[in-house]
Structures are given as C-alpha cells and as structure tokens.
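Chemist: The structure that follows is given in the form of structure tokens.
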Amino acid sequence: MPLTPGQRRLYGGGYNYMAQARQPDGSVVIIVTGGKLPIGHLMHVRDLWGEHEEVLYEEVLPPGPPPWIQDRLEEAGRGP
Amino acid sequence: MADYPDWTRLFQLAGTEITIPINIETSDVTIPISIVAATATVDVNLAAQVANITFEFADQSVAVFDAAKWFAHEAAQFFVTGSDDVGDNSTAVLATRAVPGNRVSYIAGYGFGLIEAATPNAVHGYLYIDEAVIITSGSHRGSGFIFDTPLRATAGQVVGVWAGQWGSGGAFRYRGGFWGYDEVVE
C-alpha cells in the first residue's frame with residue numbers, strides 16, 4: 001500500500017515536531033509540524049513503525065496562525 | 001579587475017622553517033572569500049605538537065553556534081513528545097520515532113513525568129534505541145536529562161521513551177519525550 005503524505009513526512013524527516021497520544025487500543029494519534037512544509041499532518045495510526053502499520057485517518061492542518069491573529073499581524077503591519 | 005578563466009597558482013613550499021606573514025594595518029580591511037561550487041571542500045590540516053588557533057570576534061554581528069543550536073538554526077532539530085496511561089506496577093510507551101531515511105539522529109536529551117495528581121512510590125523512565133534500553137532514570141514524579149554526549153541513532157532505528165510506575169494504586173497519565181537533531185547523510 002502506498003504511503004500517505006503524512007507517512008512520507010514521517011519517514012522522510014520533513015518535520016521538526018512530533019506529538020503523540022497513545023490510544024487505549026494501542027493506536028497512536030500523531031501531529032507533525034515544522035520543517036519545510038508550512039502545513040501540519042494529523043494522523044491516527046495503527047501499529048506505528050510496525051510491519052502492519054496502517055493510517056486510519058489523516059488530516060492536513062492549515063499553515064500559519066489562526067485568522068484572528070493573522071488579522072492583528074496585518075493590522076500591526078508585521079505580517080509573516 | 002582582470003579575469004582569469006583558467007588560473008591555477010600552486011604554492012608548494014618545502015622547508016624547515018616557513019613563515020608567510022600577512023600584516024594588514026589599515027582603517028578598513030575586507031578579505032572576501034567567496035566559494036560558489038556544487039561541492040566545496042575546505043580542508044585545514046594541522047599536524048603540530050602545539051597548535052594555537054585563536055578566533056577573536058569583536059563584532060556584535062558574529063554568531064558562533066554549537067552543534068545543537070546550529071542544527072536548530074538549519075531547521076534540523078526534532079522534538080518528540082507523547083503521552084499514555086500507565087498502569088500501577090507497570091510500564092507503557094510514551095513516545096517513539098523511527099529515524100528518517102538518509103539521516104543520523106543525535107538525541108540530546110529526554111524527560112518524562114506524571115501529569116496527574118497521584119503519589120506513586122517510584123517512577124522510572126527508559127530511553128531506548130531499537131530494543132536496547134540506553135538511559136534509565138527515576139524519582140517520585142519524573143525526571144529529565146540533557147546529555148553531555150548525544151546518543152546516536154541511524155536511519156530506521158526506533159527511538160522511544162517508556163515510563164513505569166509503582167505503588168500509585170491506579171493507572172495515571174504520563175507524558176514524556178526526547179529531542180535532538182538530525183544530520184543528513186548521503
């Protein structure tokens with residue numbers, strides 16, 4: 001099975017920060033951010049790093065600050 | 001300035017005592033060294049019984065990074081954290097990471113702790129690489145260390161942190177992780 005975009009990021013190293021939350025069934029919810037990609041990836045993975053690793057769910061986290069902070073940055077004239 | 005499209009000048013000196021003084025006394029000196037190449041190798045080899053290398057920086061714009069800070073500057077740092085419920089008199093994995101491809105991972109520190117109100121008799125943390133426990137530490141709540149010598153893990157190895165607790169009377173949530181930097185290898 002081909003890797004998902006989030007898995008490619010995990011194994012390719014294109015992130016600086018990884019947060020994990022272990023679930024009661026042994027699966028793991030992961031968020032990876034940082035690196036060259038402005039977006040983050042949220043994944044729910046079964047058998048993480050294992051032979052039968054499977055991504056149960058994957059979501060792209062939008063880049064940049066929340067809209068209300070972005071508005072304030074722009075009003076202050078210091079947009080990213 | 002003249003253009004030298006194919007210019008080589010070899011300084012090959014053999015002697016018993018060679019001194020090449022460069023003395024510049026001026027109010028403004030600039031010595032640009034610009035290397036633009038697909039591959040640039042600058043080797044400085046010193047073989048001497050006594051070698052004194054002095055860098056004196058007096059300009060506030062000069063920054064000297066140690067390895068960990070340099071890799072962070074180059075966005076090659078990593079921080080991995082995770083959490084799990086740990087049963088009484090038991091252990092659980094908190095955070096894991098497979099070292100990505102074409103990288104050598106230098107782990108610079110680790111830590112873990114109980115994040116709920118409980119009073120176990122003892123808690124232990126374990127940092128492991130593949131199946132081998134490398135670092136163990138413990139206390140009543142958690143602990144953390146910055147490694148004077150980073151641990152080294154290669155592509156495909158799984159680095160992780162366990163936590164264990166004893167005498168807490170129930171399952172409680174722990175959080176822990178490890179951090180360091182990756183060096184890209186070809």
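Following the order of the structure tokens, chains are lettered A, B, ..., residues in each are numbered from 1, and ligands are numbered from 1.
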Tell me the residues of chain A close to chain B, meaning within 8 Å using only C-alpha atoms, as a PyMOL selection string.
Modeler: chain A and resi 10-13+15-23+35+49
Chemist: Please return as a ChimeraX atom specification: the residues of chain B that backbone DSSP assigns to strand (DSSP E).
Modeler: /B:77-86,90-98,103-114,122-129,132-139,142-154,158-166,172-184
Chemist: Can you tell me how far atom CA of B:Ser143 sits from atom CA of B:Lys69, in Å to one decimal?
Modeler: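 It comes out at 23.1 Å.
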Chemist: Near B:Thr136, within 10 Å and counting only C-alpha atoms, which residues show up once chain neighbours fewer than 6 positions away are dropped, as an MDAnalysis selection string?
Modeler: chainID B and resid 124:128 143 161:163
Chemist: Rounded to one decimal place, report the atom CA of B:Ser27-atom CA of B:Ala2 distance in Å.
Modeler: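 Separation between atom CA of B:Ser27 and atom CA of B:Ala2: 25.8 Å.
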